[in-house]
Amino acid sequence: AVVVIDLTMAYLDDSSPLRAPVEDAVTAATTLVSVAREVAVPVIFTRVSYRPGGADGGLFMRKIPSLNVFEEGSPLADHVPGCRPEPDDVVVTKQYASAFFGTSLASTLTAQGIDTVYLCGLSTSGCVRATATDAMQHGFRPLVVADACGDREPRLHEANLLDLQAKYADVIDLEEAVSQLRATGA
């Protein structure tokens, strides 16, 4: 499956405190999703959502108060245009960094017989890293698609990719991911 992590307007809108230079990553993630759909590989989206006031954000929201952009009803929490869930896609709602923590993601993947996840989205040092680590710990093979992930600073992105490759995931580029997906679909 392709897991699209928090690809939301919060990272693209200039009014957002989470704004980051991630346009190229969004374009690459959109390509990855398009190819997955072409070859009938499941696409799963994550989204962050907090109740007004953030009571369900716990210490994570206290540590990063700017996460309030994900409170229910905020347009910054919307998926980016061109890479939005379709009616049959699973959308996992989360409150913490990992798409596995406190969600049904592991059960959903297991029920569909999926053992490998292509991870893309935002941000590399946060939710992508946490999801990759938890994927491995849940027995799934995480493939982090490097150019389909982004962060607030290129050095932070690269350092986390290096560490993910060393310990928790296979880091591949978009070209390799597309090639693998097309082979899977064939």
# chains A, B, ... in the order shown; residues from 1 in each chain; ligands from 1
>>> residues_around(residues="Leu119 in chain A", least_positions_apart="5", cutoff="9 Å", atoms="only C-alpha atoms", output="list of chain:residue names")
A:Ala1, A:Val2, A:Val3, A:Val4, A:Ile5, A:Val128, A:Thr131, A:Ala132, A:Pro142, A:Leu143, A:Val144, A:Val145, A:Ala146, A:Ala148, A:Cys149
>>> write_last_selection(atoms="N, CA, C and O atoms", output="tab-separated table (two decimals), in the first residue's frame")
chain	number	residue	atom	x	y	z
A	1	ALA	N	0.84	-1.18	0.00
A	1	ALA	CA	0.00	0.00	0.00
A	1	ALA	C	0.89	1.24	0.00
A	1	ALA	O	2.03	1.20	0.44
A	2	VAL	N	0.33	2.31	-0.50
A	2	VAL	CA	0.98	3.62	-0.36
A	2	VAL	C	0.28	4.33	0.78
A	2	VAL	O	-0.94	4.44	0.81
A	3	VAL	N	1.07	4.79	1.74
A	3	VAL	CA	0.53	5.54	2.88
A	3	VAL	C	0.97	6.99	2.72
A	3	VAL	O	2.17	7.29	2.72
A	4	VAL	N	-0.01	7.86	2.57
A	4	VAL	CA	0.22	9.29	2.36
A	4	VAL	C	0.05	9.99	3.70
A	4	VAL	O	-1.07	10.08	4.22
A	5	ILE	N	1.14	10.49	4.25
A	5	ILE	CA	1.15	11.01	5.61
A	5	ILE	C	1.00	12.53	5.64
A	5	ILE	O	1.89	13.26	5.18
A	128	VAL	N	6.62	11.09	9.25
A	128	VAL	CA	7.12	10.05	8.35
A	128	VAL	C	8.06	9.12	9.12
A	128	VAL	O	7.94	7.89	9.06
A	131	THR	N	6.13	6.99	11.66
A	131	THR	CA	5.35	5.96	10.99
A	131	THR	C	6.24	4.85	10.45
A	131	THR	O	5.91	3.67	10.57
A	132	ALA	N	7.38	5.21	9.88
A	132	ALA	CA	8.31	4.19	9.37
A	132	ALA	C	8.81	3.30	10.50
A	132	ALA	O	8.86	2.07	10.38
A	142	PRO	N	8.71	-1.05	5.68
A	142	PRO	CA	8.54	0.34	5.26
A	142	PRO	C	9.55	0.74	4.19
A	142	PRO	O	10.75	0.53	4.33
A	143	LEU	N	9.02	1.31	3.11
A	143	LEU	CA	9.84	1.90	2.05
A	143	LEU	C	9.54	3.39	2.05
A	143	LEU	O	8.42	3.81	1.73
A	144	VAL	N	10.51	4.19	2.44
A	144	VAL	CA	10.34	5.64	2.49
A	144	VAL	C	10.76	6.19	1.13
A	144	VAL	O	11.90	6.02	0.71
A	145	VAL	N	9.83	6.85	0.46
A	145	VAL	CA	10.11	7.42	-0.86
A	145	VAL	C	10.67	8.83	-0.63
A	145	VAL	O	9.94	9.78	-0.39
A	146	ALA	N	12.00	8.93	-0.69
A	146	ALA	CA	12.72	10.11	-0.24
A	146	ALA	C	12.23	11.41	-0.88
A	146	ALA	O	11.99	12.40	-0.17
A	148	ALA	N	9.45	12.05	-2.18
A	148	ALA	CA	8.02	12.27	-1.95
A	148	ALA	C	7.76	12.60	-0.48
A	148	ALA	O	6.63	12.53	-0.01
A	149	CYS	N	8.83	12.95	0.24
A	149	CYS	CA	8.74	13.39	1.63
A	149	CYS	C	9.43	14.75	1.73
A	149	CYS	O	10.31	15.06	0.93
>>> residues_around(residues="Ala135 in chain A", least_positions_apart="3", cutoff="9 Å", atoms="only C-alpha atoms", output="MDAnalysis selection string")
chainID A and resid 98:100 106 116:117 130:132 138:142 168:169
>>> write_last_selection(atoms="N, CA, C and O atoms", output="mmCIF file, in the first residue's frame")
data_model
loop_
_atom_site.group_PDB
_atom_site.id
_atom_site.type_symbol
_atom_site.label_atom_id
_atom_site.label_comp_id
_atom_site.auth_asym_id
_atom_site.auth_seq_id
_atom_site.Cartn_x
_atom_site.Cartn_y
_atom_site.Cartn_z
ATOM 1 N N SER A 98 3.000 9.100 14.781
ATOM 2 C CA SER A 98 2.906 7.853 14.026
ATOM 3 C C SER A 98 1.480 7.583 13.556
ATOM 4 O O SER A 98 0.520 7.717 14.320
ATOM 5 N N ALA A 99 1.371 7.147 12.303
ATOM 6 C CA ALA A 99 0.063 6.756 11.763
ATOM 7 C C ALA A 99 -0.428 5.459 12.399
ATOM 8 O O ALA A 99 -1.592 5.088 12.235
ATOM 9 N N PHE A 100 0.436 4.758 13.148
ATOM 10 C CA PHE A 100 0.045 3.519 13.805
ATOM 11 C C PHE A 100 -0.450 3.747 15.231
ATOM 12 O O PHE A 100 -1.245 2.962 15.734
ATOM 13 N N ALA A 106 -2.598 -0.681 11.475
ATOM 14 C CA ALA A 106 -2.004 -2.024 11.436
ATOM 15 C C ALA A 106 -3.068 -3.074 11.118
ATOM 16 O O ALA A 106 -2.846 -3.970 10.288
ATOM 17 N N THR A 116 3.899 -4.583 2.968
ATOM 18 C CA THR A 116 4.864 -3.553 2.586
ATOM 19 C C THR A 116 4.137 -2.231 2.423
ATOM 20 O O THR A 116 3.066 -2.189 1.804
ATOM 21 N N VAL A 117 4.733 -1.158 2.951
ATOM 22 C CA VAL A 117 4.131 0.161 2.802
ATOM 23 C C VAL A 117 5.141 1.135 2.202
ATOM 24 O O VAL A 117 6.284 1.200 2.638
ATOM 25 N N ALA A 130 8.279 8.620 12.400
ATOM 26 C CA ALA A 130 7.549 7.869 13.428
ATOM 27 C C ALA A 130 6.746 6.731 12.803
ATOM 28 O O ALA A 130 6.707 5.617 13.337
ATOM 29 N N THR A 131 6.134 6.992 11.664
ATOM 30 C CA THR A 131 5.349 5.960 10.988
ATOM 31 C C THR A 131 6.238 4.853 10.449
ATOM 32 O O THR A 131 5.909 3.666 10.566
ATOM 33 N N ALA A 132 7.382 5.208 9.876
ATOM 34 C CA ALA A 132 8.313 4.192 9.374
ATOM 35 C C ALA A 132 8.810 3.304 10.505
ATOM 36 O O ALA A 132 8.865 2.067 10.375
ATOM 37 N N HIS A 138 5.761 -3.093 13.805
ATOM 38 C CA HIS A 138 4.526 -3.873 13.646
ATOM 39 C C HIS A 138 4.684 -5.006 12.627
ATOM 40 O O HIS A 138 3.721 -5.707 12.324
ATOM 41 N N GLY A 139 5.889 -5.161 12.071
ATOM 42 C CA GLY A 139 6.134 -6.261 11.151
ATOM 43 C C GLY A 139 5.890 -5.953 9.688
ATOM 44 O O GLY A 139 5.877 -6.856 8.853
ATOM 45 N N PHE A 140 5.707 -4.685 9.344
ATOM 46 C CA PHE A 140 5.542 -4.281 7.951
ATOM 47 C C PHE A 140 6.880 -3.798 7.413
ATOM 48 O O PHE A 140 7.708 -3.270 8.156
ATOM 49 N N ARG A 141 7.080 -3.954 6.113
ATOM 50 C CA ARG A 141 8.310 -3.469 5.481
ATOM 51 C C ARG A 141 8.075 -2.028 5.025
ATOM 52 O O ARG A 141 7.327 -1.792 4.079
ATOM 53 N N PRO A 142 8.712 -1.052 5.680
ATOM 54 C CA PRO A 142 8.540 0.339 5.262
ATOM 55 C C PRO A 142 9.547 0.743 4.189
ATOM 56 O O PRO A 142 10.754 0.528 4.334
ATOM 57 N N TYR A 168 15.688 1.595 10.221
ATOM 58 C CA TYR A 168 14.265 1.279 10.292
ATOM 59 C C TYR A 168 13.562 1.003 8.973
ATOM 60 O O TYR A 168 12.466 0.439 8.971
ATOM 61 N N ALA A 169 14.115 1.441 7.854
ATOM 62 C CA ALA A 169 13.372 1.382 6.595
ATOM 63 C C ALA A 169 14.333 1.276 5.426
ATOM 64 O O ALA A 169 15.545 1.462 5.584
#
>>> select_by_dssp(residues="range 75-186 of chain A", states="helix (DSSP H, G or I)", output="VMD selection string")
chain A and resid 75 to 77 105 to 111 124 to 137 154 to 167 174 to 185
>>> closest_residue(among="A:Val69, A:Val171, A:Ala28, A:Ala177", to="Ser49 in chain A", atoms="only C-alpha atoms")
A:Val69
>>> closest_residue(among="A:Val90, A:Leu32, A:Leu105, A:Ile64", to="Asp173 in chain A", atoms="only C-alpha atoms")
A:Leu32
>>> residues_around(residues="Tyr96 in chain A", least_positions_apart="2", cutoff="12 Å", atoms="only C-alpha atoms", output="PyMOL selection string")
chain A and resi 5-6+46-50+54+56-64+67+70+92-94+98-103+126-128+130-131
>>> write_last_selection(atoms="C-alpha atoms", output="PDB file, in the first residue's frame")
ATOM      1  CA  ILE A   5       1.153  11.006   5.615  1.00  0.00           C
ATOM      2  CA  ASP A   6      -0.368  14.381   6.475  1.00  0.00           C
ATOM      3  CA  THR A  46      -3.569  10.039   7.195  1.00  0.00           C
ATOM      4  CA  ARG A  47      -4.868  13.231   8.668  1.00  0.00           C
ATOM      5  CA  VAL A  48      -4.362  14.965  11.974  1.00  0.00           C
ATOM      6  CA  SER A  49      -7.464  16.191  13.781  1.00  0.00           C
ATOM      7  CA  TYR A  50      -7.904  17.702  17.214  1.00  0.00           C
ATOM      8  CA  GLY A  54      -6.712  20.416  21.614  1.00  0.00           C
ATOM      9  CA  ASP A  56      -6.988  15.185  22.671  1.00  0.00           C
ATOM     10  CA  GLY A  57      -3.515  16.386  21.631  1.00  0.00           C
ATOM     11  CA  GLY A  58      -1.933  15.713  24.994  1.00  0.00           C
ATOM     12  CA  LEU A  59       1.742  16.426  25.495  1.00  0.00           C
ATOM     13  CA  PHE A  60       2.389  16.430  21.732  1.00  0.00           C
ATOM     14  CA  MET A  61       0.234  19.528  21.307  1.00  0.00           C
ATOM     15  CA  ARG A  62       1.756  21.134  24.394  1.00  0.00           C
ATOM     16  CA  LYS A  63       5.225  20.574  22.941  1.00  0.00           C
ATOM     17  CA  ILE A  64       4.213  21.911  19.517  1.00  0.00           C
ATOM     18  CA  LEU A  67      -0.413  21.854  15.853  1.00  0.00           C
ATOM     19  CA  PHE A  70      -5.221  20.805  12.821  1.00  0.00           C
ATOM     20  CA  VAL A  92      -6.673   7.252   9.180  1.00  0.00           C
ATOM     21  CA  THR A  93      -7.240  10.053  11.670  1.00  0.00           C
ATOM     22  CA  LYS A  94      -4.493  10.505  14.210  1.00  0.00           C
ATOM     23  CA  SER A  98       2.906   7.853  14.026  1.00  0.00           C
ATOM     24  CA  ALA A  99       0.063   6.756  11.763  1.00  0.00           C
ATOM     25  CA  PHE A 100       0.045   3.519  13.805  1.00  0.00           C
ATOM     26  CA  PHE A 101      -0.280   5.012  17.294  1.00  0.00           C
ATOM     27  CA  GLY A 102      -3.856   4.854  18.548  1.00  0.00           C
ATOM     28  CA  THR A 103      -5.268   4.049  15.083  1.00  0.00           C
ATOM     29  CA  GLY A 126       8.301  13.881  12.398  1.00  0.00           C
ATOM     30  CA  CYS A 127       5.348  11.863  11.198  1.00  0.00           C
ATOM     31  CA  VAL A 128       7.124  10.046   8.346  1.00  0.00           C
ATOM     32  CA  ALA A 130       7.549   7.869  13.428  1.00  0.00           C
ATOM     33  CA  THR A 131       5.349   5.960  10.988  1.00  0.00           C
TER      34      THR A 131
END
>>> closest_residue(among="A:Asp88, A:Asp147, A:Glu23, A:Asp13", to="Ile172 in chain A", atoms="only C-alpha atoms")
A:Asp147
>>> select_by_dssp(residues="range 28-121 of chain A", states="strand (DSSP E or B)", output="MDAnalysis selection string")
chainID A and resid 43:48 50 71 79 90:94 116:121
>>> write_last_selection(atoms="N, CA and C atoms", output="short mmCIF file (atom, residue, chain, number, x, y, z; two decimals), in the first residue's frame")
data_model
loop_
_atom_site.label_atom_id
_atom_site.label_comp_id
_atom_site.auth_asym_id
_atom_site.auth_seq_id
_atom_site.Cartn_x
_atom_site.Cartn_y
_atom_site.Cartn_z
N VAL A 43 -4.27 2.90 -1.57
CA VAL A 43 -3.72 4.17 -1.08
C VAL A 43 -4.46 4.50 0.21
N ILE A 44 -3.68 4.76 1.25
CA ILE A 44 -4.23 5.10 2.56
C ILE A 44 -3.70 6.48 2.93
N PHE A 45 -4.60 7.35 3.32
CA PHE A 45 -4.23 8.71 3.72
C PHE A 45 -4.30 8.83 5.23
N THR A 46 -3.43 9.68 5.79
CA THR A 46 -3.57 10.04 7.20
C THR A 46 -3.92 11.52 7.28
N ARG A 47 -4.56 11.84 8.37
CA ARG A 47 -4.87 13.23 8.67
C ARG A 47 -4.77 13.41 10.17
N VAL A 48 -4.41 14.61 10.56
CA VAL A 48 -4.36 14.96 11.97
C VAL A 48 -5.62 15.76 12.28
N TYR A 50 -7.74 17.48 15.78
CA TYR A 50 -7.90 17.70 17.21
C TYR A 50 -9.24 18.37 17.48
N GLU A 71 -6.94 21.69 14.32
CA GLU A 71 -8.21 21.59 15.03
C GLU A 71 -9.35 21.44 14.02
N HIS A 79 -6.50 18.15 2.93
CA HIS A 79 -5.51 17.55 2.04
C HIS A 79 -5.21 18.50 0.89
N VAL A 90 -9.06 4.55 2.38
CA VAL A 90 -9.08 4.59 3.84
C VAL A 90 -8.38 5.88 4.26
N VAL A 91 -8.97 6.58 5.23
CA VAL A 91 -8.36 7.77 5.81
C VAL A 91 -8.22 7.50 7.31
N VAL A 92 -6.98 7.50 7.77
CA VAL A 92 -6.67 7.25 9.18
C VAL A 92 -6.53 8.60 9.87
N THR A 93 -7.32 8.81 10.90
CA THR A 93 -7.24 10.05 11.67
C THR A 93 -6.38 9.80 12.90
N LYS A 94 -5.44 10.70 13.11
CA LYS A 94 -4.49 10.51 14.21
C LYS A 94 -4.31 11.81 14.98
N THR A 116 3.90 -4.58 2.97
CA THR A 116 4.86 -3.55 2.59
C THR A 116 4.14 -2.23 2.42
N VAL A 117 4.73 -1.16 2.95
CA VAL A 117 4.13 0.16 2.80
C VAL A 117 5.14 1.13 2.20
N TYR A 118 4.70 1.84 1.18
CA TYR A 118 5.46 2.94 0.60
C TYR A 118 5.00 4.19 1.33
N LEU A 119 5.92 4.87 1.99
CA LEU A 119 5.57 6.03 2.79
C LEU A 119 5.98 7.31 2.08
N CYS A 120 5.06 8.25 2.04
CA CYS A 120 5.34 9.58 1.51
C CYS A 120 4.60 10.58 2.36
N GLY A 121 5.03 11.84 2.30
CA GLY A 121 4.31 12.87 3.04
C GLY A 121 5.20 13.76 3.87
#
>>> residues_around(residues="Met9 in chain A", least_positions_apart="6", cutoff="8 Å", atoms="only C-alpha atoms", output="JSON, numbers by chain")
{"A": [75, 76, 77, 78, 79, 80]}
>>> residues_around(residues="Gly185 in chain A", least_positions_apart="2", cutoff="8 Å", atoms="only C-alpha atoms", output="list in words")
Val39, Ala40, Val41, Leu181, Arg182 and Ala183 of chain A
>>> closest_residue(among="A:Gln180, A:Asp134, A:Thr124, A:Leu12", to="Asp163 in chain A", atoms="only C-alpha atoms")
A:Thr124
>>> closest_residue(among="A:Pro81, A:Gln165, A:Asn68, A:Asp170", to="Ala55 in chain A", atoms="only C-alpha atoms")
A:Asn68
>>> atom_distance(atom1="CA of Pro154 in chain A", atom2="CA of Pro21 in chain A")
8.7 Å
>>> closest_residue(among="A:Arg152, A:Pro42, A:Ser74, A:Ser34", to="Thr108 in chain A", atoms="only C-alpha atoms")
A:Pro42
>>> atom_distance(atom1="CA of Cys83 in chain A", atom2="CA of Val178 in chain A")
16.3 Å
>>> atom_distance(atom1="CA of Arg19 in chain A", atom2="CA of Leu164 in chain A")
23.5 Å
